[in-house]
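Q: Sharing start23.txt (compact mmCIF, C-alpha atoms) below.
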```
# COMPACT_ATOMS: atom_id res chain seq x y z
CA MET A 11 178.07 210.19 52.98
CA ARG A 12 174.80 210.07 54.92
CA THR A 13 174.63 211.77 58.30
CA GLU A 14 171.91 210.98 60.86
CA HIS A 15 171.44 212.41 64.35
CA SER A 16 168.37 210.48 65.48
CA SER A 17 168.40 206.97 66.90
CA PRO A 18 165.90 205.08 64.73
CA ALA A 19 164.58 201.79 66.00
CA ASP A 20 165.97 199.85 63.03
CA LEU A 21 169.54 200.80 63.96
CA VAL A 22 168.96 199.98 67.63
CA ALA A 23 167.73 196.51 66.73
CA LEU A 24 170.46 195.65 64.22
CA SER A 25 173.33 193.31 65.03
CA PRO A 26 176.84 194.77 65.39
CA ALA A 27 177.87 193.34 62.02
CA GLU A 28 174.83 194.91 60.37
CA VAL A 29 175.51 198.32 61.92
CA ARG A 30 179.18 198.12 60.93
CA ALA A 31 178.06 197.34 57.38
CA ARG A 32 175.95 200.51 57.40
CA PHE A 33 178.99 202.51 58.48
CA ARG A 34 181.13 200.83 55.82
CA ALA A 35 178.52 201.88 53.25
CA GLY A 36 178.76 205.53 54.33
CA LEU A 37 176.39 206.13 57.24
CA VAL A 38 177.82 208.70 59.67
CA ARG A 39 176.26 209.28 63.07
CA PRO A 40 177.06 209.02 66.80
CA THR A 41 176.65 205.46 68.03
CA SER A 42 175.07 205.89 71.48
CA GLY A 43 172.08 203.57 71.74
CA LEU A 44 172.81 201.55 68.59
CA ALA A 45 172.97 197.73 68.45
CA ALA A 46 171.39 197.51 71.87
CA GLY A 47 173.05 195.01 74.18
CA TYR A 48 176.45 195.08 72.47
CA ALA A 49 179.59 196.74 73.78
CA GLN A 50 181.02 199.81 72.10
CA ALA A 51 184.69 200.75 72.06
CA ASN A 52 187.10 203.64 71.54
CA LEU A 53 190.00 203.33 69.12
CA ILE A 54 193.53 204.67 69.19
CA ILE A 55 196.02 203.57 66.53
CA VAL A 56 199.74 204.41 66.61
CA PRO A 57 202.93 203.23 64.91
CA LYS A 58 204.64 200.22 66.47
CA SER A 59 207.46 202.55 67.56
CA HIS A 60 205.03 204.22 69.99
CA ALA A 61 202.89 201.19 70.87
CA PHE A 62 204.83 200.14 73.97
CA ASP A 63 204.56 203.61 75.49
CA LEU A 64 200.83 203.67 74.79
CA LEU A 65 200.41 200.19 76.28
CA LEU A 66 202.25 201.36 79.40
CA PHE A 67 200.08 204.50 79.46
CA ALA A 68 197.00 202.25 79.50
CA GLN A 69 198.45 200.09 82.27
CA ARG A 70 199.13 203.16 84.39
CA ASN A 71 195.75 204.79 83.62
CA PRO A 72 193.22 201.95 83.54
CA LYS A 73 190.24 204.15 84.42
CA PRO A 74 190.32 206.28 81.24
CA MET A 75 192.02 203.64 79.06
CA PRO A 76 190.68 200.16 79.93
CA LEU A 77 191.92 197.86 77.19
CA LEU A 78 189.51 195.40 75.59
CA GLY A 79 192.01 194.28 72.98
CA VAL A 80 195.23 195.10 71.13
CA LEU A 81 195.79 194.08 67.53
CA ASP A 82 199.15 193.03 66.12
CA ALA A 83 200.96 195.52 63.90
CA GLY A 84 199.16 195.71 60.57
CA GLU A 85 196.24 193.58 61.77
CA VAL A 86 192.79 194.97 60.84
CA THR A 87 190.35 192.59 62.50
CA SER A 88 189.86 190.51 65.64
CA ASP A 89 187.21 188.47 67.42
CA LEU A 90 185.72 191.75 68.67
CA LEU A 91 184.62 192.53 65.10
CA ALA A 92 184.52 189.15 63.40
CA GLY A 93 184.73 189.53 59.64
CA GLY A 94 185.07 193.30 60.02
CA ASP A 95 187.78 195.79 59.20
CA ILE A 96 189.06 198.35 61.71
CA ARG A 97 189.81 200.71 58.79
CA THR A 98 186.23 201.01 57.54
CA ASP A 99 183.81 199.88 60.25
CA VAL A 100 183.75 203.00 62.46
CA PRO A 101 181.43 205.82 61.31
CA LYS A 102 184.12 208.52 61.50
CA TYR A 103 187.79 208.73 62.43
CA VAL A 104 190.27 211.48 63.33
CA VAL A 105 193.76 211.42 61.82
CA TYR A 106 196.56 213.20 63.69
CA GLU A 107 199.93 214.20 62.28
CA ASP A 108 202.43 215.41 64.88
CA GLY A 109 199.51 215.76 67.29
CA VAL A 110 197.45 217.98 64.99
CA PRO A 111 194.09 216.71 63.66
CA VAL A 112 194.36 216.87 59.87
CA ALA A 113 191.34 214.87 58.66
CA GLU A 114 188.09 213.23 59.78
CA PRO A 115 187.62 210.48 57.20
CA THR A 116 185.01 207.73 57.21
CA ASP A 117 187.59 205.25 55.86
CA ILE A 118 191.27 205.15 56.87
CA THR A 119 192.42 202.63 54.26
CA GLY A 120 194.40 205.38 52.54
CA TYR A 121 196.28 206.13 55.76
CA TRP A 122 196.95 202.51 56.66
CA ARG A 123 200.48 201.21 57.22
CA GLU A 124 201.68 197.75 58.15
CA ASP A 125 203.38 199.08 61.30
CA LEU A 126 200.17 200.47 62.83
CA VAL A 127 198.97 198.96 66.12
CA THR A 128 195.31 199.28 67.11
CA PHE A 129 194.18 199.61 70.73
CA ILE A 130 190.51 198.85 71.40
CA VAL A 131 189.45 200.68 74.55
CA GLY A 132 186.33 200.29 76.70
CA CYS A 133 183.58 202.89 76.22
CA SER A 134 180.98 204.21 78.65
CA PHE A 135 178.27 203.85 75.98
CA THR A 136 178.41 200.16 76.96
CA PHE A 137 176.76 200.78 80.35
CA GLU A 138 174.12 203.22 79.12
CA ASN A 139 171.57 200.47 78.49
CA ALA A 140 172.07 199.38 82.10
CA LEU A 141 171.47 202.95 83.28
CA VAL A 142 168.25 203.17 81.29
CA ALA A 143 167.14 199.74 82.53
CA GLY A 144 167.81 200.97 86.07
CA GLY A 145 165.57 203.99 85.53
CA VAL A 146 168.41 206.50 85.20
CA PRO A 147 167.84 208.82 82.22
CA VAL A 148 170.58 209.36 79.64
CA ALA A 149 170.20 212.97 78.58
CA HIS A 150 172.21 212.98 75.35
CA GLN A 151 170.16 210.08 74.01
CA GLU A 152 166.92 211.81 74.96
CA GLN A 153 168.12 215.09 73.42
CA GLY A 154 169.44 213.43 70.24
CA VAL A 155 173.00 214.74 70.57
CA ASN A 156 176.49 213.39 71.13
CA VAL A 157 177.71 212.99 74.71
CA PRO A 158 179.72 216.02 75.99
CA MET A 159 183.37 215.41 76.80
CA TYR A 160 185.83 217.72 78.56
CA ARG A 161 189.57 217.98 79.10
CA THR A 162 190.26 218.29 82.82
CA SER A 163 193.08 219.76 84.89
CA THR A 164 193.80 216.25 86.21
CA ARG A 165 196.94 214.76 84.72
CA CYS A 166 197.26 211.12 83.73
CA ALA A 167 200.34 209.18 84.78
CA PRO A 168 202.82 209.60 81.90
CA ALA A 169 204.49 206.70 80.12
CA GLY A 170 207.59 207.19 78.00
CA GLU A 171 206.76 209.77 75.36
CA ILE A 172 203.00 209.67 76.07
CA ALA A 173 201.45 212.18 78.50
CA GLY A 174 198.26 214.18 78.73
CA PRO A 175 195.17 215.20 80.68
CA LEU A 176 192.26 213.09 81.84
CA VAL A 177 189.21 213.53 79.60
CA VAL A 178 185.75 212.92 81.09
CA SER A 179 182.28 212.41 79.68
CA MET A 180 179.34 214.03 81.48
CA ARG A 181 175.78 212.85 81.99
CA PRO A 182 173.32 214.89 84.06
CA VAL A 183 171.61 212.63 86.59
CA PRO A 184 168.67 213.40 88.90
CA ALA A 185 170.11 214.12 92.34
CA SER A 186 168.00 211.35 93.85
CA GLN A 187 169.50 208.80 91.41
CA VAL A 188 173.20 209.61 91.61
CA ALA A 189 173.78 206.71 93.98
CA ASP A 190 171.99 204.41 91.51
CA ALA A 191 174.19 205.66 88.65
CA VAL A 192 177.32 205.01 90.72
CA ARG A 193 176.15 201.53 91.72
CA ILE A 194 175.13 200.50 88.19
CA THR A 195 178.24 201.73 86.41
CA SER A 196 180.65 200.46 89.06
CA ARG A 197 179.75 196.97 87.86
CA TYR A 198 181.38 197.71 84.47
CA PRO A 199 185.05 198.35 85.34
CA ALA A 200 186.22 197.32 81.86
CA VAL A 201 184.32 200.24 80.34
CA HIS A 202 185.38 203.02 82.77
CA GLY A 203 183.28 201.86 85.74
CA ALA A 204 182.04 204.25 88.42
CA PRO A 205 182.20 208.04 87.98
CA VAL A 206 185.38 209.92 88.81
CA HIS A 207 183.52 213.03 90.02
CA VAL A 208 180.02 214.25 90.88
CA GLY A 209 178.99 217.91 90.70
CA ALA A 210 181.35 220.94 90.93
CA PRO A 211 182.89 220.85 87.44
CA GLY A 212 185.30 223.60 88.52
CA GLU A 213 187.09 221.06 90.69
CA LEU A 214 188.05 219.28 87.46
CA GLY A 215 189.12 222.51 85.84
CA ILE A 216 186.01 222.65 83.64
CA ALA A 217 184.97 226.27 83.26
CA ASP A 218 181.79 225.92 81.21
CA LEU A 219 179.65 222.81 80.79
CA ALA A 220 178.00 224.43 77.77
CA ALA A 221 181.34 224.39 75.92
CA PRO A 222 182.60 220.79 75.78
CA ASP A 223 185.95 220.07 74.17
CA PHE A 224 184.44 217.13 72.28
CA GLY A 225 180.86 216.14 71.50
CA ASP A 226 177.83 218.36 72.04
CA PRO A 227 176.50 220.33 75.00
CA VAL A 228 173.45 218.87 76.74
CA ALA A 229 170.77 220.71 78.62
CA ILE A 230 170.86 219.96 82.36
CA PRO A 231 167.29 219.69 83.64
CA ASP A 232 166.27 221.14 86.98
CA GLY A 233 167.09 218.83 89.86
CA HIS A 234 169.90 217.11 87.94
CA VAL A 235 173.60 217.22 88.77
CA PRO A 236 176.53 216.68 86.39
CA VAL A 237 178.20 213.30 86.82
CA PHE A 238 181.58 212.67 85.20
CA TRP A 239 183.08 209.41 83.97
CA ALA A 240 186.62 208.79 82.72
CA CYS A 241 186.56 208.86 78.92
CA GLY A 242 188.32 206.88 76.22
CA VAL A 243 189.10 210.08 74.32
CA THR A 244 191.88 210.53 76.91
CA PRO A 245 194.52 208.81 74.72
CA GLN A 246 193.62 211.15 71.85
CA ALA A 247 194.20 214.13 74.14
CA ALA A 248 197.55 212.53 75.01
CA VAL A 249 198.35 212.15 71.31
CA MET A 250 197.60 215.85 70.76
CA GLU A 251 199.98 216.77 73.57
CA SER A 252 202.70 214.18 72.93
CA ARG A 253 202.71 214.62 69.13
CA PRO A 254 203.65 211.23 67.65
CA PRO A 255 204.17 211.50 63.88
CA LEU A 256 200.92 209.66 63.14
CA ALA A 257 197.94 208.54 65.19
CA ILE A 258 194.35 207.67 64.34
CA GLY A 259 191.34 207.59 66.66
CA HIS A 260 187.58 207.36 66.39
CA ALA A 261 185.79 210.68 66.09
CA PRO A 262 184.48 211.28 69.63
CA GLY A 263 181.08 209.64 70.05
CA HIS A 264 181.50 207.61 66.83
CA MET A 265 182.52 204.29 68.28
CA LEU A 266 183.43 200.80 67.15
CA ILE A 267 180.43 198.56 67.85
CA THR A 268 181.85 195.20 68.86
CA ASP A 269 180.48 191.67 68.85
CA ALA A 270 180.97 191.45 72.62
CA ARG A 271 177.84 191.81 74.71
CA ASP A 272 177.47 194.46 77.38
CA ALA A 273 176.93 191.62 79.84
CA ASP A 274 180.40 190.25 79.05
CA TYR A 275 181.83 193.19 81.01
CA LEU A 276 179.38 193.06 83.92
CA VAL A 277 180.86 191.98 87.25
CA PRO A 278 178.88 190.89 90.34
```
Please lay out the structure from this file as structure tokens.

A:
Amino acid sequence: MRTEHSSPADLVALSPAEVRARFRAGLVRPTSGLAAGYAQANLIIVPKSHAFDLLLFAQRNPKPMPLLGVLDAGEVTSDLLAGGDIRTDVPKYVVYEDGVPVAEPTDITGYWREDLVTFIVGCSFTFENALVAGGVPVAHQEQGVNVPMYRTSTRCAPAGEIAGPLVVSMRPVPASQVADAVRITSRYPAVHGAPVHVGAPGELGIADLAAPDFGDPVAIPDGHVPVFWACGVTPQAAVMESRPPLAIGHAPGHMLITDARDADYLVP
């Protein structure tokens, strides 16, 4: 296994298939900024017995769980990763048994079952190139760390046996550019869209920005304010609370890089 924390230019310039091949070969690193111009996605995989409840959970909570695709039971590829394999083409996964994380493998072939249903969920990494192009800095990229993510006190609408809290990602934005960040990201509703909250993390039940529940802390420069977006780790938080017998997700920040272009999810 090879772990990298930088964002070298060769990975940024590679195609999605080429980056997925690097992951399949053992490269492990957060994916923010890689395969520039291509959409990234969260994963949540559950047995068919729980798939309807999770689909209903997504329908009731489209902000944190915007669906880009759902695979049939046992299916391991789709047009979002042509020629790829959902079991090997993400840099790192998390395996849950009865809601408890038990492993973080780089290959889930050994856990695979023919009744597993894969949900491919929009990811806010998709609009980060648009933020940068609009002159809005992305602190975790600049600082070479994973994006910080936090459980909130806001509850998602439950669905059947699935329930849990809203999870948010945070990016510090210069106060003068918050309106720009809102405008730019609102044009990507399929990948979480506009922020759900600006400033005052306590209003979301977040006690300490330096202690994220997932990812890494980022330094907040002077004159910047924390801006929070709904996060695709939300269904994993729901899995931890609802405790299905088996579930598999991406390791937070280690996304599926799809063949869809960022622009495919841009609305006027």

Q: Which of these, A:Arg193, A:His150, A:Arg39, A:Arg181, has the shortest distance to Tyr103 in chain A once you count all atoms listed in the file?

A: A:Arg39

Q: Need to verify the contact set: range 91-100 of chain A, 6 Å, all atoms listed in the file, exclusion of same-chain residues closer than 3 positions in sequence. Can you return it as a list in words?

A: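 Close residues of range 91-100 of chain A: Arg30, Phe33, Arg34, Val86, Thr87, Ser88, Asp117, Ile118, Thr119, Leu266, Thr268 and Asp269 of chain A.
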
Q: Point out the residue among A:Pro222, A:Gly120, A:Gly47, A:Gly242 with the least atom-to-atom distance to Cys133 in chain A, counting all atoms listed in the file.

A: A:Gly242

Q: Taking into account all atoms listed in the file, which residue in the set A:Ala204, A:Val249, A:Met265, A:Ala273 is nearest to Val29 in chain A?

A: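 Between A:Ala204, A:Val249, A:Met265, A:Ala273, the residue approaching Val29 in chain A most closely is A:Met265.
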
Q: Using all atoms listed in the file, which of the listed residues (A:Leu78, A:Val112, A:Ile194, A:Ala248) sits closest to Asp63 in chain A?

A: A:Ala248

Q: Which residue out of A:Gly84, A:Gly174, A:Pro254, A:Pro40 has the minimum interatomic distance to Lys102 in chain A when all atoms listed in the file are used?

A: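 Using all atoms listed in the file, Lys102 in chain A sits closest to A:Pro40.
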
Q: Find the distance between CA of Val243 in chain A and CA of Arg70 in chain A and write it in Å to one decimal.

A: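 Separating CA of Val243 in chain A from CA of Arg70 in chain A is a distance of 15.8 Å.
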
Q: Ranking A:Leu90, A:Leu66, A:Ala173, A:Val148 by minimum distance to Pro231 in chain A and counting all atoms listed in the file, which one comes first?

A: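 Checking each candidate against Pro231 in chain A, we get A:Val148 as the closest.
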
Q: Taking (201.5, 214.4, 68.2) in the file's own coordinates, collect the residues within 8 Å, counting only C-alpha atoms, and hand them back as a PDB file with C-alpha atoms, keeping the file's coordinate frame.

A:
```pdb
ATOM      1  CA  TYR A 106     196.560 213.200  63.690  1.00  0.00           C
ATOM      2  CA  GLU A 107     199.930 214.200  62.280  1.00  0.00           C
ATOM      3  CA  ASP A 108     202.430 215.410  64.880  1.00  0.00           C
ATOM      4  CA  GLY A 109     199.510 215.760  67.290  1.00  0.00           C
ATOM      5  CA  VAL A 110     197.450 217.980  64.990  1.00  0.00           C
ATOM      6  CA  VAL A 249     198.350 212.150  71.310  1.00  0.00           C
ATOM      7  CA  MET A 250     197.600 215.850  70.760  1.00  0.00           C
ATOM      8  CA  GLU A 251     199.980 216.770  73.570  1.00  0.00           C
ATOM      9  CA  SER A 252     202.700 214.180  72.930  1.00  0.00           C
ATOM     10  CA  ARG A 253     202.710 214.620  69.130  1.00  0.00           C
ATOM     11  CA  PRO A 254     203.650 211.230  67.650  1.00  0.00           C
ATOM     12  CA  PRO A 255     204.170 211.500  63.880  1.00  0.00           C
ATOM     13  CA  LEU A 256     200.920 209.660  63.140  1.00  0.00           C
ATOM     14  CA  ALA A 257     197.940 208.540  65.190  1.00  0.00           C
TER      15      ALA A 257
END
```

Q: Set up a box along x, y and z of the file covering all listed atoms of range 263-269 of chain A, add 3 Å on every one of the six sides, and write the centre and edge lengths in Å to one decimal, as AutoDock Vina command-line options.

A:
```
--center_x 181.9 --center_y 200.7 --center_z 68.4 --size_x 9.0 --size_y 24.0 --size_z 9.2
```

Q: Need the neighbours of (177.5, 200.1, 80.8): which residues are at most 8 Å away, counting only C-alpha atoms, as a PyMOL selection string?

A: chain A and resi 134-141+194-195+198+201+203+272+276

Q: For range 253-277 of chain A, write N, CA, C and O atoms out as an mmCIF file, in the first residue's frame.

A:
```
data_model
loop_
_atom_site.group_PDB
_atom_site.id
_atom_site.type_symbol
_atom_site.label_atom_id
_atom_site.label_comp_id
_atom_site.auth_asym_id
_atom_site.auth_seq_id
_atom_site.Cartn_x
_atom_site.Cartn_y
_atom_site.Cartn_z
ATOM 1 N N ARG A 253 -27.550 0.439 12.468
ATOM 2 C CA ARG A 253 -26.936 -0.856 12.704
ATOM 3 C C ARG A 253 -27.451 -1.987 11.816
ATOM 4 O O ARG A 253 -27.849 -3.057 12.324
ATOM 5 N N PRO A 254 -27.470 -1.813 10.482
ATOM 6 C CA PRO A 254 -27.736 -2.978 9.634
ATOM 7 C C PRO A 254 -26.606 -3.997 9.813
ATOM 8 O O PRO A 254 -25.499 -3.643 10.232
ATOM 9 N N PRO A 255 -26.854 -5.267 9.490
ATOM 10 C CA PRO A 255 -25.831 -6.288 9.743
ATOM 11 C C PRO A 255 -24.534 -6.058 8.977
ATOM 12 O O PRO A 255 -23.451 -6.404 9.470
ATOM 13 N N LEU A 256 -24.630 -5.481 7.789
ATOM 14 C CA LEU A 256 -23.445 -5.195 6.984
ATOM 15 C C LEU A 256 -23.689 -3.927 6.183
ATOM 16 O O LEU A 256 -24.785 -3.706 5.661
ATOM 17 N N ALA A 257 -22.687 -3.097 6.097
ATOM 18 C CA ALA A 257 -22.711 -1.934 5.210
ATOM 19 C C ALA A 257 -21.268 -1.600 4.873
ATOM 20 O O ALA A 257 -20.343 -1.877 5.654
ATOM 21 N N ILE A 258 -21.069 -1.017 3.701
ATOM 22 C CA ILE A 258 -19.735 -0.620 3.261
ATOM 23 C C ILE A 258 -19.835 0.778 2.673
ATOM 24 O O ILE A 258 -20.736 1.072 1.880
ATOM 25 N N GLY A 259 -18.920 1.647 3.050
ATOM 26 C CA GLY A 259 -18.845 2.989 2.483
ATOM 27 C C GLY A 259 -17.426 3.291 2.057
ATOM 28 O O GLY A 259 -16.492 2.524 2.313
ATOM 29 N N HIS A 260 -17.246 4.433 1.406
ATOM 30 C CA HIS A 260 -15.897 4.932 1.146
ATOM 31 C C HIS A 260 -15.328 5.463 2.457
ATOM 32 O O HIS A 260 -16.089 5.930 3.315
ATOM 33 N N ALA A 261 -14.040 5.400 2.642
ATOM 34 C CA ALA A 261 -13.429 6.108 3.759
ATOM 35 C C ALA A 261 -13.600 7.602 3.494
ATOM 36 O O ALA A 261 -13.355 8.071 2.376
ATOM 37 N N PRO A 262 -14.066 8.369 4.479
ATOM 38 C CA PRO A 262 -14.341 9.787 4.230
ATOM 39 C C PRO A 262 -13.158 10.496 3.554
ATOM 40 O O PRO A 262 -12.009 10.372 3.968
ATOM 41 N N GLY A 263 -13.485 11.212 2.473
ATOM 42 C CA GLY A 263 -12.475 11.924 1.700
ATOM 43 C C GLY A 263 -11.817 11.090 0.623
ATOM 44 O O GLY A 263 -11.096 11.619 -0.223
ATOM 45 N N HIS A 264 -12.063 9.782 0.616
ATOM 46 C CA HIS A 264 -11.472 8.864 -0.360
ATOM 47 C C HIS A 264 -12.590 8.395 -1.292
ATOM 48 O O HIS A 264 -13.214 7.365 -1.066
ATOM 49 N N MET A 265 -12.817 9.173 -2.341
ATOM 50 C CA MET A 265 -14.036 9.053 -3.119
ATOM 51 C C MET A 265 -13.878 8.175 -4.353
ATOM 52 O O MET A 265 -12.767 7.861 -4.787
ATOM 53 N N LEU A 266 -15.017 7.796 -4.931
ATOM 54 C CA LEU A 266 -15.043 7.224 -6.261
ATOM 55 C C LEU A 266 -14.914 8.368 -7.264
ATOM 56 O O LEU A 266 -15.701 9.321 -7.230
ATOM 57 N N ILE A 267 -13.931 8.297 -8.149
ATOM 58 C CA ILE A 267 -13.805 9.285 -9.217
ATOM 59 C C ILE A 267 -14.518 8.718 -10.444
ATOM 60 O O ILE A 267 -14.152 7.662 -10.963
ATOM 61 N N THR A 268 -15.554 9.401 -10.870
ATOM 62 C CA THR A 268 -16.425 8.893 -11.929
ATOM 63 C C THR A 268 -16.003 9.414 -13.298
ATOM 64 O O THR A 268 -15.188 10.325 -13.419
ATOM 65 N N ASP A 269 -16.612 8.832 -14.322
ATOM 66 C CA ASP A 269 -16.373 9.286 -15.689
ATOM 67 C C ASP A 269 -17.262 10.464 -16.063
ATOM 68 O O ASP A 269 -17.116 11.012 -17.159
ATOM 69 N N ALA A 270 -18.184 10.845 -15.192
ATOM 70 C CA ALA A 270 -19.029 12.015 -15.456
ATOM 71 C C ALA A 270 -18.203 13.283 -15.249
ATOM 72 O O ALA A 270 -17.323 13.331 -14.382
ATOM 73 N N ARG A 271 -18.478 14.284 -16.023
ATOM 74 C CA ARG A 271 -17.777 15.559 -15.867
ATOM 75 C C ARG A 271 -18.503 16.448 -14.856
ATOM 76 O O ARG A 271 -19.721 16.378 -14.718
ATOM 77 N N ASP A 272 -17.724 17.266 -14.163
ATOM 78 C CA ASP A 272 -18.323 18.218 -13.245
ATOM 79 C C ASP A 272 -19.449 18.985 -13.927
ATOM 80 O O ASP A 272 -20.512 19.223 -13.347
ATOM 81 N N ALA A 273 -19.203 19.378 -15.179
ATOM 82 C CA ALA A 273 -20.163 20.197 -15.910
ATOM 83 C C ALA A 273 -21.478 19.476 -16.158
ATOM 84 O O ALA A 273 -22.512 20.124 -16.394
ATOM 85 N N ASP A 274 -21.473 18.135 -16.078
ATOM 86 C CA ASP A 274 -22.716 17.388 -16.267
ATOM 87 C C ASP A 274 -23.736 17.715 -15.178
ATOM 88 O O ASP A 274 -24.945 17.515 -15.363
ATOM 89 N N TYR A 275 -23.261 18.182 -14.028
ATOM 90 C CA TYR A 275 -24.129 18.463 -12.886
ATOM 91 C C TYR A 275 -24.323 19.948 -12.649
ATOM 92 O O TYR A 275 -24.881 20.350 -11.618
ATOM 93 N N LEU A 276 -23.867 20.768 -13.591
ATOM 94 C CA LEU A 276 -24.018 22.217 -13.501
ATOM 95 C C LEU A 276 -25.368 22.619 -14.097
ATOM 96 O O LEU A 276 -25.713 22.228 -15.207
ATOM 97 N N VAL A 277 -26.131 23.407 -13.327
ATOM 98 C CA VAL A 277 -27.400 23.912 -13.835
ATOM 99 C C VAL A 277 -27.282 25.415 -14.062
ATOM 100 O O VAL A 277 -26.419 26.070 -13.481
#
```
